[in-house]
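Below: my_file_29.cif (mmCIF, C-alpha atoms)
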data_structure
#
loop_
_atom_site.group_PDB
_atom_site.id
_atom_site.type_symbol
_atom_site.label_atom_id
_atom_site.label_comp_id
_atom_site.auth_asym_id
_atom_site.auth_seq_id
_atom_site.Cartn_x
_atom_site.Cartn_y
_atom_site.Cartn_z
ATOM 1 C CA MET A 21 -61.739 -2.517 94.774
ATOM 2 C CA PRO A 22 -59.909 0.515 93.322
ATOM 3 C CA GLU A 23 -56.140 0.059 93.335
ATOM 4 C CA GLY A 24 -53.445 2.656 93.951
ATOM 5 C CA PRO A 25 -53.262 3.985 90.369
ATOM 6 C CA SER A 26 -57.011 4.694 90.338
ATOM 7 C CA LEU A 27 -56.656 6.795 93.486
ATOM 8 C CA TYR A 28 -53.709 8.564 91.870
ATOM 9 C CA ILE A 29 -56.064 9.595 89.041
ATOM 10 C CA LEU A 30 -58.557 10.875 91.615
ATOM 11 C CA LYS A 31 -55.797 13.019 93.141
ATOM 12 C CA GLU A 32 -54.978 14.498 89.736
ATOM 13 C CA GLN A 33 -58.628 15.170 88.932
ATOM 14 C CA THR A 34 -59.252 16.952 92.245
ATOM 15 C CA ALA A 35 -56.054 19.045 92.331
ATOM 16 C CA ARG A 36 -58.061 22.204 91.654
ATOM 17 C CA PHE A 37 -59.731 21.927 95.058
ATOM 18 C CA VAL A 38 -56.438 22.482 96.880
ATOM 19 C CA GLY A 39 -56.510 25.955 98.401
ATOM 20 C CA GLN A 40 -60.297 26.212 98.240
ATOM 21 C CA THR A 41 -62.455 26.501 101.361
ATOM 22 C CA ILE A 42 -65.273 24.082 102.135
ATOM 23 C CA VAL A 43 -68.533 26.029 102.418
ATOM 24 C CA ARG A 44 -70.876 23.074 102.836
ATOM 25 C CA ALA A 45 -70.352 19.499 103.952
ATOM 26 C CA GLU A 46 -72.945 16.779 104.283
ATOM 27 C CA GLY A 47 -73.613 13.109 103.656
ATOM 28 C CA ASN A 48 -74.806 9.948 105.368
ATOM 29 C CA THR A 49 -71.516 9.193 107.068
ATOM 30 C CA TRP A 50 -71.777 8.614 110.799
ATOM 31 C CA ALA A 51 -68.041 8.487 111.418
ATOM 32 C CA ILE A 52 -67.329 12.218 111.382
ATOM 33 C CA ASP A 53 -69.127 15.445 112.276
ATOM 34 C CA THR A 54 -69.380 17.033 108.823
ATOM 35 C CA SER A 55 -70.108 20.467 110.324
ATOM 36 C CA ARG A 56 -66.480 20.596 111.475
ATOM 37 C CA LEU A 57 -65.369 20.651 107.835
ATOM 38 C CA ILE A 58 -67.197 23.860 107.017
ATOM 39 C CA GLY A 59 -64.898 26.843 106.747
ATOM 40 C CA GLN A 60 -61.751 24.751 106.495
ATOM 41 C CA PRO A 61 -59.405 25.220 103.543
ATOM 42 C CA VAL A 62 -58.076 22.178 101.746
ATOM 43 C CA VAL A 63 -54.336 22.214 102.377
ATOM 44 C CA ALA A 64 -53.498 19.107 100.341
ATOM 45 C CA LEU A 65 -55.045 16.107 98.615
ATOM 46 C CA ARG A 66 -52.858 13.029 98.867
ATOM 47 C CA THR A 67 -53.047 9.293 98.352
ATOM 48 C CA TRP A 68 -51.464 6.462 100.267
ATOM 49 C CA GLY A 69 -52.090 3.154 98.620
ATOM 50 C CA LYS A 70 -55.843 2.758 98.295
ATOM 51 C CA GLN A 71 -56.624 5.700 100.583
ATOM 52 C CA PHE A 72 -57.530 9.234 99.520
ATOM 53 C CA LEU A 73 -56.545 11.861 102.084
ATOM 54 C CA ILE A 74 -58.065 15.321 102.451
ATOM 55 C CA GLN A 75 -55.724 17.415 104.572
ATOM 56 C CA MET A 76 -56.935 20.561 106.358
ATOM 57 C CA PRO A 77 -55.279 22.738 109.017
ATOM 58 C CA ALA A 78 -57.164 21.264 111.971
ATOM 59 C CA MET A 79 -57.978 17.735 110.759
ATOM 60 C CA ALA A 80 -57.665 15.250 107.916
ATOM 61 C CA VAL A 81 -60.252 12.938 106.392
ATOM 62 C CA ARG A 82 -59.403 9.505 105.021
ATOM 63 C CA ILE A 83 -61.564 8.089 102.240
ATOM 64 C CA HIS A 84 -61.242 4.356 101.580
ATOM 65 C CA MET A 85 -63.181 3.119 98.564
ATOM 66 C CA LEU A 86 -63.606 -0.439 99.960
ATOM 67 C CA LEU A 87 -65.017 -2.797 97.308
ATOM 68 C CA PHE A 88 -67.538 -0.628 95.511
ATOM 69 C CA GLY A 89 -66.667 2.969 96.345
ATOM 70 C CA THR A 90 -67.042 5.658 93.681
ATOM 71 C CA TYR A 91 -66.761 9.419 93.385
ATOM 72 C CA ARG A 92 -68.191 12.202 91.247
ATOM 73 C CA ILE A 93 -66.809 15.680 90.582
ATOM 74 C CA ASP A 94 -69.504 18.313 89.958
ATOM 75 C CA GLU A 95 -71.959 15.483 89.353
ATOM 76 C CA GLU A 96 -74.419 13.460 91.410
ATOM 77 C CA ARG A 97 -75.492 9.838 91.377
ATOM 78 C CA ASP A 98 -79.025 8.576 91.990
ATOM 79 C CA LYS A 99 -78.174 7.809 95.601
ATOM 80 C CA PRO A 100 -77.177 9.846 98.670
ATOM 81 C CA PRO A 101 -73.424 10.473 98.966
ATOM 82 C CA ARG A 102 -71.447 9.196 101.925
ATOM 83 C CA LEU A 103 -69.663 12.554 101.951
ATOM 84 C CA SER A 104 -70.309 15.669 99.880
ATOM 85 C CA LEU A 105 -67.984 18.683 99.921
ATOM 86 C CA HIS A 106 -69.049 21.998 98.349
ATOM 87 C CA PHE A 107 -66.842 24.965 97.542
ATOM 88 C CA ALA A 108 -67.408 28.700 97.099
ATOM 89 C CA ASP A 109 -67.141 28.622 93.299
ATOM 90 C CA GLY A 110 -70.088 26.192 93.113
ATOM 91 C CA SER A 111 -68.014 23.088 92.487
ATOM 92 C CA PHE A 112 -68.431 19.966 94.612
ATOM 93 C CA LEU A 113 -66.993 16.541 95.278
ATOM 94 C CA ASN A 114 -69.120 13.520 96.151
ATOM 95 C CA PHE A 115 -68.046 10.130 97.533
ATOM 96 C CA TYR A 116 -70.282 7.037 97.548
ATOM 97 C CA ALA A 117 -70.197 3.579 99.180
ATOM 98 C CA CYS A 118 -66.887 4.278 100.878
ATOM 99 C CA SER A 119 -65.404 4.463 104.360
ATOM 100 C CA VAL A 120 -64.960 7.956 105.822
ATOM 101 C CA LYS A 121 -62.750 8.466 108.841
ATOM 102 C CA GLU A 122 -60.997 11.331 110.578
ATOM 103 C CA VAL A 123 -57.248 10.849 110.970
ATOM 104 C CA ASP A 124 -54.422 12.895 112.444
ATOM 105 C CA CYS A 125 -53.644 15.880 110.223
ATOM 106 C CA ASP A 126 -49.914 15.142 110.481
ATOM 107 C CA LEU A 127 -50.015 12.694 107.589
ATOM 108 C CA ASP A 128 -46.255 12.431 107.311
ATOM 109 C CA ALA A 129 -46.112 11.000 110.820
ATOM 110 C CA LEU A 130 -49.068 8.712 110.176
ATOM 111 C CA TYR A 131 -48.077 7.096 106.856
ATOM 112 C CA ASP A 132 -44.959 5.391 105.549
ATOM 113 C CA TRP A 133 -44.677 7.024 102.127
ATOM 114 C CA GLU A 134 -41.720 4.785 101.271
ATOM 115 C CA ALA A 135 -44.149 1.843 101.139
ATOM 116 C CA ASP A 136 -46.449 3.479 98.563
ATOM 117 C CA VAL A 137 -45.618 2.120 95.103
ATOM 118 C CA MET A 138 -46.971 5.287 93.443
ATOM 119 C CA SER A 139 -45.065 7.703 95.667
ATOM 120 C CA ASP A 140 -41.910 9.590 94.736
ATOM 121 C CA ALA A 141 -40.628 8.401 98.111
ATOM 122 C CA TRP A 142 -41.018 4.704 97.198
ATOM 123 C CA ASN A 143 -38.085 2.739 98.602
ATOM 124 C CA PRO A 144 -37.453 -0.601 96.821
ATOM 125 C CA LYS A 145 -34.583 -1.463 99.151
ATOM 126 C CA LYS A 146 -36.945 -1.181 102.126
ATOM 127 C CA ALA A 147 -39.501 -3.393 100.360
ATOM 128 C CA ARG A 148 -36.885 -6.082 99.758
ATOM 129 C CA LYS A 149 -35.852 -5.910 103.420
ATOM 130 C CA LYS A 150 -39.462 -6.409 104.542
ATOM 131 C CA LEU A 151 -39.838 -9.367 102.205
ATOM 132 C CA ARG A 152 -36.666 -11.034 103.472
ATOM 133 C CA ALA A 153 -37.997 -10.624 107.025
ATOM 134 C CA ASN A 154 -41.028 -12.753 106.041
ATOM 135 C CA PRO A 155 -39.527 -15.824 104.345
ATOM 136 C CA ASP A 156 -42.627 -17.999 104.803
ATOM 137 C CA MET A 157 -44.963 -15.485 103.160
ATOM 138 C CA LEU A 158 -46.487 -16.561 99.850
ATOM 139 C CA ALA A 159 -45.852 -14.390 96.806
ATOM 140 C CA CYS A 160 -49.593 -13.884 96.322
ATOM 141 C CA ASP A 161 -49.903 -12.545 99.879
ATOM 142 C CA ALA A 162 -46.717 -10.481 99.725
ATOM 143 C CA LEU A 163 -47.931 -8.339 96.852
ATOM 144 C CA LEU A 164 -51.203 -7.620 98.650
ATOM 145 C CA ASP A 165 -49.490 -6.679 101.923
ATOM 146 C CA GLN A 166 -50.119 -2.933 102.181
ATOM 147 C CA ASP A 167 -47.235 -2.481 104.623
ATOM 148 C CA ILE A 168 -44.877 -3.644 101.876
ATOM 149 C CA PHE A 169 -46.645 -2.680 98.645
ATOM 150 C CA SER A 170 -49.192 -0.008 99.494
ATOM 151 C CA GLY A 171 -51.555 0.426 96.566
ATOM 152 C CA ILE A 172 -51.210 -3.031 95.020
ATOM 153 C CA GLY A 173 -54.500 -4.833 94.492
ATOM 154 C CA ASN A 174 -55.546 -8.157 93.049
ATOM 155 C CA ILE A 175 -55.312 -7.182 89.385
ATOM 156 C CA ILE A 176 -51.762 -5.892 89.725
ATOM 157 C CA LYS A 177 -50.860 -8.943 91.832
ATOM 158 C CA ASN A 178 -51.903 -11.387 89.129
ATOM 159 C CA GLU A 179 -50.309 -9.406 86.326
ATOM 160 C CA VAL A 180 -46.991 -8.890 88.106
ATOM 161 C CA LEU A 181 -46.678 -12.588 88.954
ATOM 162 C CA PHE A 182 -47.390 -13.513 85.347
ATOM 163 C CA ARG A 183 -45.017 -10.869 84.012
ATOM 164 C CA ILE A 184 -42.086 -12.168 86.075
ATOM 165 C CA ARG A 185 -43.077 -15.858 85.591
ATOM 166 C CA LEU A 186 -43.588 -16.495 89.302
ATOM 167 C CA HIS A 187 -46.089 -18.981 90.743
ATOM 168 C CA PRO A 188 -48.402 -17.353 93.336
ATOM 169 C CA LEU A 189 -47.700 -20.124 95.887
ATOM 170 C CA SER A 190 -43.960 -19.499 95.862
ATOM 171 C CA THR A 191 -42.535 -18.636 99.271
ATOM 172 C CA VAL A 192 -40.644 -15.366 99.513
ATOM 173 C CA GLY A 193 -37.665 -16.907 101.306
ATOM 174 C CA ALA A 194 -37.108 -19.387 98.451
ATOM 175 C CA LEU A 195 -36.864 -16.744 95.736
ATOM 176 C CA PRO A 196 -33.470 -16.227 94.087
ATOM 177 C CA PRO A 197 -32.152 -12.667 94.594
ATOM 178 C CA ALA A 198 -32.840 -11.723 90.965
ATOM 179 C CA LYS A 199 -36.450 -12.918 91.232
ATOM 180 C CA LEU A 200 -36.965 -10.997 94.490
ATOM 181 C CA ARG A 201 -35.656 -7.835 92.821
ATOM 182 C CA ALA A 202 -37.948 -8.421 89.853
ATOM 183 C CA LEU A 203 -40.944 -8.790 92.153
ATOM 184 C CA VAL A 204 -40.228 -5.427 93.779
ATOM 185 C CA GLU A 205 -39.331 -3.634 90.542
ATOM 186 C CA GLN A 206 -42.354 -4.842 88.625
ATOM 187 C CA ALA A 207 -44.762 -4.068 91.464
ATOM 188 C CA ARG A 208 -44.003 -0.406 90.838
ATOM 189 C CA ALA A 209 -43.458 -0.622 87.067
ATOM 190 C CA TYR A 210 -46.776 -2.380 86.461
ATOM 191 C CA SER A 211 -48.579 0.124 88.696
ATOM 192 C CA PHE A 212 -47.484 2.949 86.396
ATOM 193 C CA ASP A 213 -48.403 0.892 83.323
ATOM 194 C CA PHE A 214 -51.817 0.390 84.957
ATOM 195 C CA LEU A 215 -52.061 4.167 85.439
ATOM 196 C CA ALA A 216 -51.265 4.901 81.798
ATOM 197 C CA TRP A 217 -53.692 2.283 80.479
ATOM 198 C CA LYS A 218 -56.416 3.424 82.872
ATOM 199 C CA LYS A 219 -56.113 6.967 81.530
ATOM 200 C CA GLU A 220 -56.355 5.612 77.986
ATOM 201 C CA TRP A 221 -59.429 3.509 78.889
ATOM 202 C CA THR A 222 -57.528 0.446 77.614
ATOM 203 C CA LEU A 223 -56.654 -1.276 80.898
ATOM 204 C CA LYS A 224 -58.563 -4.536 80.370
ATOM 205 C CA GLN A 225 -57.106 -4.909 76.890
ATOM 206 C CA HIS A 226 -53.663 -5.232 78.485
ATOM 207 C CA TRP A 227 -54.551 -7.924 81.017
ATOM 208 C CA LEU A 228 -52.564 -11.065 80.267
ATOM 209 C CA ALA A 229 -53.527 -13.156 83.293
ATOM 210 C CA HIS A 230 -56.200 -11.539 85.448
ATOM 211 C CA ALA A 231 -59.639 -12.957 84.617
ATOM 212 C CA ARG A 232 -58.184 -14.719 81.565
ATOM 213 C CA LYS A 233 -58.747 -18.374 80.686
ATOM 214 C CA ILE A 234 -55.799 -19.203 78.424
ATOM 215 C CA CYS A 235 -52.118 -18.480 78.995
ATOM 216 C CA PRO A 236 -50.932 -16.241 76.116
ATOM 217 C CA ARG A 237 -47.408 -17.680 76.370
ATOM 218 C CA CYS A 238 -48.191 -21.398 76.539
ATOM 219 C CA ASP A 239 -51.671 -21.513 74.989
ATOM 220 C CA ILE A 240 -52.944 -23.796 77.762
ATOM 221 C CA PRO A 241 -55.712 -23.141 80.331
ATOM 222 C CA PHE A 242 -54.889 -20.964 83.301
ATOM 223 C CA HIS A 243 -55.456 -22.309 86.792
ATOM 224 C CA LYS A 244 -57.836 -20.287 88.929
ATOM 225 C CA ALA A 245 -58.266 -20.436 92.724
ATOM 226 C CA LYS A 246 -58.536 -18.339 95.866
ATOM 227 C CA LEU A 247 -55.058 -18.595 97.351
ATOM 228 C CA GLY A 248 -53.099 -17.502 100.404
ATOM 229 C CA LYS A 249 -54.236 -15.868 103.609
ATOM 230 C CA SER A 250 -55.986 -13.172 101.609
ATOM 231 C CA MET A 251 -58.064 -15.772 99.698
ATOM 232 C CA ARG A 252 -58.185 -13.492 96.665
ATOM 233 C CA ARG A 253 -58.598 -14.862 93.147
ATOM 234 C CA SER A 254 -55.397 -15.938 91.457
ATOM 235 C CA PHE A 255 -54.887 -16.791 87.789
ATOM 236 C CA TRP A 256 -51.661 -18.542 86.829
ATOM 237 C CA CYS A 257 -50.006 -20.896 84.387
ATOM 238 C CA GLU A 258 -48.462 -24.069 85.775
ATOM 239 C CA ARG A 259 -46.029 -24.294 82.880
ATOM 240 C CA CYS A 260 -44.401 -20.863 82.666
ATOM 241 C CA GLN A 261 -44.816 -19.561 86.233
ATOM 242 C CA LYS A 262 -42.227 -21.319 88.353
ATOM 243 C CA ARG A 263 -42.987 -22.297 91.934
ATOM 244 C CA TYR A 264 -40.212 -21.734 94.479
ATOM 245 C CA THR A 265 -40.634 -23.471 97.857
#
Here is a file; write its structure as C-alpha coordinates.
Amino acid sequence: MPEGPSLYILKEQTARFVGQTIVRAEGNTWAIDTSRLIGQPVVALRTWGKQFLIQMPAMAVRIHMLLFGTYRIDEERDKPPRLSLHFADGSFLNFYACSVKEVDCDLDALYDWEADVMSDAWNPKKARKKLRANPDMLACDALLDQDIFSGIGNIIKNEVLFRIRLHPLSTVGALPPAKLRALVEQARAYSFDFLAWKKEWTLKQHWLAHARKICPRCDIPFHKAKLGKSMRRSFWCERCQKRYT
(Lines of atoms letter the chains of each structure in order from A and count residues from 1; the text may use other names and numbers.)
(Lines give C-alpha, C1' and ligand atoms only; values in the text may rest on other atoms or scores of the structure.)
Protein backbone atom coordinates (compact mmCIF):
# COMPACT_ATOMS: atom_id res chain seq x y z
CA MET A 1 0.00 0.00 0.00
CA PRO A 2 1.48 3.39 -0.98
CA GLU A 3 2.26 5.55 2.04
CA GLY A 4 1.94 9.31 2.41
CA PRO A 5 5.34 10.21 0.91
CA SER A 6 4.56 8.25 -2.28
CA LEU A 7 1.35 10.24 -2.73
CA TYR A 8 3.34 13.42 -2.11
CA ILE A 9 5.53 12.46 -5.09
CA LEU A 10 2.40 11.92 -7.19
CA LYS A 11 1.25 15.44 -6.28
CA GLU A 12 4.59 16.88 -7.39
CA GLN A 13 4.59 14.92 -10.64
CA THR A 14 1.06 16.03 -11.56
CA ALA A 15 1.40 19.72 -10.60
CA ARG A 16 1.36 20.71 -14.28
CA PHE A 17 -2.27 19.60 -14.58
CA VAL A 18 -3.45 22.30 -12.18
CA GLY A 19 -5.28 24.94 -14.19
CA GLN A 20 -5.90 22.61 -17.13
CA THR A 21 -9.40 21.58 -18.21
CA ILE A 22 -10.48 17.96 -18.49
CA VAL A 23 -11.59 17.27 -22.07
CA ARG A 24 -12.18 13.53 -21.72
CA ALA A 25 -12.81 11.28 -18.76
CA GLU A 26 -13.38 7.55 -18.77
CA GLY A 27 -12.54 4.33 -16.97
CA ASN A 28 -14.14 1.28 -15.39
CA THR A 29 -15.07 3.00 -12.15
CA TRP A 30 -18.71 2.62 -11.16
CA ALA A 31 -18.56 5.04 -8.25
CA ILE A 32 -18.75 8.29 -10.20
CA ASP A 33 -20.29 9.56 -13.43
CA THR A 34 -17.13 10.37 -15.40
CA SER A 35 -19.07 12.55 -17.86
CA ARG A 36 -19.49 15.11 -15.08
CA LEU A 37 -15.72 15.67 -15.09
CA ILE A 38 -15.60 16.81 -18.70
CA GLY A 39 -15.17 20.54 -19.06
CA GLN A 40 -14.10 21.05 -15.46
CA PRO A 41 -10.80 22.78 -14.70
CA VAL A 42 -8.49 21.28 -12.12
CA VAL A 43 -8.36 23.82 -9.31
CA ALA A 44 -5.91 21.94 -7.09
CA LEU A 45 -4.24 18.57 -6.60
CA ARG A 46 -3.75 17.74 -2.95
CA THR A 47 -2.92 14.79 -0.73
CA TRP A 48 -4.20 13.84 2.68
CA GLY A 49 -2.39 10.86 4.05
CA LYS A 50 -2.78 8.06 1.54
CA GLN A 51 -5.45 9.87 -0.48
CA PHE A 52 -4.94 11.85 -3.68
CA LEU A 53 -7.50 14.61 -4.16
CA ILE A 54 -8.50 16.21 -7.45
CA GLN A 55 -10.31 19.45 -6.69
CA MET A 56 -12.60 21.11 -9.25
CA PRO A 57 -15.08 23.99 -8.92
CA ALA A 58 -18.19 21.82 -8.69
CA MET A 59 -16.82 18.57 -7.21
CA ALA A 60 -13.74 16.75 -5.95
CA VAL A 61 -12.55 13.22 -6.62
CA ARG A 62 -10.70 11.14 -4.04
CA ILE A 63 -8.28 8.48 -5.26
CA HIS A 64 -7.21 5.87 -2.72
CA MET A 65 -4.53 3.48 -3.94
CA LEU A 66 -5.63 0.63 -1.61
CA LEU A 67 -3.09 -2.23 -1.64
CA PHE A 68 -2.05 -2.39 -5.27
CA GLY A 69 -3.04 0.92 -6.83
CA THR A 70 -0.78 2.52 -9.44
CA TYR A 71 -0.81 5.50 -11.78
CA ARG A 72 0.72 6.50 -15.10
CA ILE A 73 1.30 9.97 -16.53
CA ASP A 74 1.12 10.12 -20.34
CA GLU A 75 1.50 6.34 -20.38
CA GLU A 76 -0.80 3.32 -20.39
CA ARG A 77 -0.62 -0.09 -18.79
CA ASP A 78 -1.80 -3.34 -20.38
CA LYS A 79 -5.08 -3.13 -18.49
CA PRO A 80 -8.07 -0.77 -18.46
CA PRO A 81 -7.68 2.21 -16.10
CA ARG A 82 -10.04 2.74 -13.20
CA LEU A 83 -10.04 6.43 -14.11
CA SER A 84 -8.46 8.20 -17.07
CA LEU A 85 -8.33 12.00 -17.37
CA HIS A 86 -7.33 13.67 -20.65
CA PHE A 87 -6.40 17.30 -21.18
CA ALA A 88 -6.44 19.69 -24.14
CA ASP A 89 -2.68 19.58 -24.71
CA GLY A 90 -2.84 15.80 -25.28
CA SER A 91 -1.52 14.82 -21.87
CA PHE A 92 -3.37 12.34 -19.66
CA LEU A 93 -3.40 10.78 -16.23
CA ASN A 94 -4.37 7.16 -15.59
CA PHE A 95 -5.18 5.43 -12.29
CA TYR A 96 -5.33 1.64 -11.87
CA ALA A 97 -6.57 -0.79 -9.18
CA CYS A 98 -7.64 2.03 -6.89
CA SER A 99 -10.76 3.36 -5.20
CA VAL A 100 -12.44 6.35 -6.87
CA LYS A 101 -14.99 8.37 -4.96
CA GLU A 102 -16.62 11.78 -5.21
CA VAL A 103 -16.21 13.93 -2.11
CA ASP A 104 -17.29 17.41 -1.10
CA CYS A 105 -15.26 20.02 -2.97
CA ASP A 106 -14.70 21.96 0.26
CA LEU A 107 -11.66 19.89 1.18
CA ASP A 108 -10.62 22.17 4.01
CA ALA A 109 -13.87 21.41 5.80
CA LEU A 110 -13.60 17.70 5.04
CA TYR A 111 -10.01 16.95 6.11
CA ASP A 112 -7.95 17.67 9.21
CA TRP A 113 -4.72 18.87 7.61
CA GLU A 114 -3.08 19.11 11.03
CA ALA A 115 -3.14 15.29 11.19
CA ASP A 116 -1.25 14.84 7.90
CA VAL A 117 2.42 14.16 8.66
CA MET A 118 3.46 15.53 5.25
CA SER A 119 1.44 18.73 5.51
CA ASP A 120 2.79 22.18 6.34
CA ALA A 121 -0.13 22.34 8.77
CA TRP A 122 1.04 19.27 10.73
CA ASN A 123 0.44 19.83 14.44
CA PRO A 124 2.63 17.65 16.71
CA LYS A 125 1.01 19.04 19.85
CA LYS A 126 -2.38 17.87 18.59
CA ALA A 127 -0.95 14.42 17.83
CA ARG A 128 0.42 14.11 21.36
CA LYS A 129 -2.97 15.14 22.77
CA LYS A 130 -4.73 12.44 20.73
CA LEU A 131 -2.23 9.84 21.91
CA ARG A 132 -2.68 10.78 25.56
CA ALA A 133 -6.45 10.41 25.09
CA ASN A 134 -5.88 6.76 24.09
CA PRO A 135 -3.63 5.36 26.84
CA ASP A 136 -4.48 1.71 26.13
CA MET A 137 -3.58 1.94 22.43
CA LEU A 138 -0.55 -0.07 21.34
CA ALA A 139 2.33 1.79 19.72
CA CYS A 140 2.01 -0.34 16.58
CA ASP A 141 -1.65 0.66 16.23
CA ALA A 142 -1.07 4.31 17.14
CA LEU A 143 1.28 4.93 14.25
CA LEU A 144 -1.19 3.40 11.79
CA ASP A 145 -4.14 5.44 13.11
CA GLN A 146 -4.88 7.83 10.24
CA ASP A 147 -6.73 10.23 12.55
CA ILE A 148 -3.47 10.76 14.43
CA PHE A 149 -0.77 10.11 11.83
CA SER A 150 -2.36 10.47 8.41
CA GLY A 151 -0.01 9.05 5.80
CA ILE A 152 1.90 6.61 7.99
CA GLY A 153 1.94 3.05 6.69
CA ASN A 154 3.46 -0.21 7.82
CA ILE A 155 6.99 0.45 6.56
CA ILE A 156 7.23 3.79 8.35
CA LYS A 157 5.66 2.24 11.46
CA ASN A 158 8.32 -0.44 11.74
CA GLU A 159 11.18 1.93 10.99
CA VAL A 160 10.05 4.62 13.43
CA LEU A 161 9.65 2.11 16.27
CA PHE A 162 13.11 0.73 15.59
CA ARG A 163 14.63 4.20 15.28
CA ILE A 164 13.33 5.30 18.69
CA ARG A 165 13.96 1.86 20.30
CA LEU A 166 10.30 1.26 21.14
CA HIS A 167 8.65 -2.16 21.28
CA PRO A 168 5.50 -2.32 19.09
CA LEU A 169 3.42 -3.77 21.96
CA SER A 170 4.13 -0.83 24.25
CA THR A 171 1.00 0.96 25.43
CA VAL A 172 0.82 4.67 24.70
CA GLY A 173 -0.19 5.60 28.25
CA ALA A 174 2.95 3.95 29.67
CA LEU A 175 5.39 5.92 27.53
CA PRO A 176 7.62 8.46 29.29
CA PRO A 177 7.04 12.02 28.01
CA ALA A 178 10.35 12.05 26.12
CA LYS A 179 9.49 8.78 24.35
CA LEU A 180 6.02 10.07 23.41
CA ARG A 181 7.60 13.20 21.92
CA ALA A 182 10.10 11.06 20.02
CA LEU A 183 7.29 8.94 18.59
CA VAL A 184 5.52 12.02 17.24
CA GLU A 185 8.68 13.76 16.02
CA GLN A 186 10.07 10.74 14.22
CA ALA A 187 6.75 9.89 12.58
CA ARG A 188 7.15 13.09 10.58
CA ALA A 189 10.96 13.07 10.31
CA TYR A 190 11.06 9.52 8.95
CA SER A 191 8.28 10.33 6.47
CA PHE A 192 10.46 13.02 4.91
CA ASP A 193 13.48 10.70 4.95
CA PHE A 194 11.26 8.16 3.16
CA LEU A 195 10.37 10.84 0.60
CA ALA A 196 14.01 11.70 -0.08
CA TRP A 197 15.07 8.06 -0.39
CA LYS A 198 12.08 7.25 -2.60
CA LYS A 199 13.11 10.02 -5.00
CA GLU A 200 16.65 8.63 -5.04
CA TRP A 201 15.36 5.08 -5.68
CA THR A 202 17.28 3.97 -2.56
CA LEU A 203 14.42 3.46 -0.10
CA LYS A 204 14.87 -0.27 0.56
CA GLN A 205 18.59 0.21 1.11
CA HIS A 206 17.75 2.35 4.15
CA TRP A 207 15.37 -0.10 5.82
CA LEU A 208 16.80 -1.17 9.16
CA ALA A 209 13.87 -3.19 10.49
CA HIS A 210 11.08 -3.62 7.95
CA ALA A 211 11.34 -7.01 6.23
CA ARG A 212 14.78 -7.54 7.79
CA LYS A 213 15.88 -10.70 9.60
CA ILE A 214 18.76 -9.50 11.79
CA CYS A 215 18.86 -6.49 14.10
CA PRO A 216 21.68 -4.20 12.87
CA ARG A 217 22.27 -2.93 16.41
CA CYS A 218 22.32 -6.21 18.33
CA ASP A 219 23.15 -8.69 15.56
CA ILE A 220 20.42 -11.08 16.74
CA PRO A 221 17.30 -12.27 14.85
CA PHE A 222 14.35 -9.92 14.65
CA HIS A 223 10.97 -11.09 15.86
CA LYS A 224 8.21 -11.03 13.27
CA ALA A 225 4.44 -11.20 13.86
CA LYS A 226 1.12 -9.62 12.96
CA LEU A 227 0.38 -7.42 15.96
CA GLY A 228 -2.31 -5.12 17.30
CA LYS A 229 -5.82 -4.47 16.09
CA SER A 230 -4.48 -3.73 12.62
CA MET A 231 -2.78 -7.16 12.43
CA ARG A 232 -0.07 -5.72 10.19
CA ARG A 233 3.42 -7.23 10.05
CA SER A 234 5.80 -6.02 12.71
CA PHE A 235 9.57 -6.53 12.86
CA TRP A 236 11.31 -5.76 16.13
CA CYS A 237 14.25 -6.57 18.36
CA GLU A 238 13.52 -7.83 21.86
CA ARG A 239 16.84 -6.56 23.15
CA CYS A 240 17.04 -2.93 22.02
CA GLN A 241 13.35 -2.02 21.62
CA LYS A 242 11.97 -1.49 25.10
CA ARG A 243 8.42 -2.51 25.96
CA TYR A 244 6.44 -0.10 28.13
CA THR A 245 3.23 -1.47 29.69
Decode the PyMOL selection byres ((chain A and resi 108) around 12) for the given file into explicit residues and return them as a PyMOL selection string. chain A and resi 37+39-45+58-61+105-107+109-112
Using all atoms listed in the file, give me every residue within 9 Å of (-65.8, 17.2, 110.3) in file coordinates, as a PyMOL selection string. chain A and resi 45+52-58+79-81+122
Give the answer as one residue: which of A:Gly47, A:Gly89, A:Gly173, A:Pro188 has the shortest atom-to-atom distance to Arg102 of chain A, using all atoms listed in the file?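 Going through A:Gly47, A:Gly89, A:Gly173, A:Pro188 one by one, the smallest distance to Arg102 of chain A is for A:Gly47.
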Leaving out Ile234 of chain A and any residue of its chain fewer than 4 positions from it, which residues lie within 12 Å of it when counting only C-alpha atoms, given as a PyMOL selection string? chain A and resi 227-230+238-244+255-259
Selection above as a file: C-alpha atoms, as a PDB file, keeping the file's coordinate frame:
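This is the output file result.pdb:
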ATOM      1  CA  TRP A 227     -54.551  -7.924  81.017  1.00  0.00           C
ATOM      2  CA  LEU A 228     -52.564 -11.065  80.267  1.00  0.00           C
ATOM      3  CA  ALA A 229     -53.527 -13.156  83.293  1.00  0.00           C
ATOM      4  CA  HIS A 230     -56.200 -11.539  85.448  1.00  0.00           C
ATOM      5  CA  CYS A 238     -48.191 -21.398  76.539  1.00  0.00           C
ATOM      6  CA  ASP A 239     -51.671 -21.513  74.989  1.00  0.00           C
ATOM      7  CA  ILE A 240     -52.944 -23.796  77.762  1.00  0.00           C
ATOM      8  CA  PRO A 241     -55.712 -23.141  80.331  1.00  0.00           C
ATOM      9  CA  PHE A 242     -54.889 -20.964  83.301  1.00  0.00           C
ATOM     10  CA  HIS A 243     -55.456 -22.309  86.792  1.00  0.00           C
ATOM     11  CA  LYS A 244     -57.836 -20.287  88.929  1.00  0.00           C
ATOM     12  CA  PHE A 255     -54.887 -16.791  87.789  1.00  0.00           C
ATOM     13  CA  TRP A 256     -51.661 -18.542  86.829  1.00  0.00           C
ATOM     14  CA  CYS A 257     -50.006 -20.896  84.387  1.00  0.00           C
ATOM     15  CA  GLU A 258     -48.462 -24.069  85.775  1.00  0.00           C
ATOM     16  CA  ARG A 259     -46.029 -24.294  82.880  1.00  0.00           C
TER      17      ARG A 259
END
Kindly resolve the PyMOL selection byres ((chain A and resi 116) around 7) on the present coordinates and return the residues as JSON, numbers by chain. {"A": [89, 90, 91, 101, 102, 114, 115, 117, 118]}
First collect every listed atom of segment 141-145 of chain A; then fit an axis-aligned box around them, widen it by 6 Å on each side, and give centre and edge lengths in Å to one decimal, as AutoDock Vina command-line options.
--center_x -37.8 --center_y 3.5 --center_z 98.0 --size_x 18.4 --size_y 21.9 --size_z 14.3
On this structure, which residues satisfy the PyMOL selection byres ((chain A and resi 209) around 12), written as an NGL selection string? :A and (25 or 137-138 or 142 or 144 or 172 or 176 or 179-180 or 183-184 or 202-208 or 210-216)
Using all atoms listed in the file, which protein or nucleic acid residues come within 10 Å of Ser139 of chain A? Drop anything in the same chain fewer than 4 positions from it, and give the result as a ChimeraX atom specification. /A:24,28,66-69,133-135,143,170-171,208
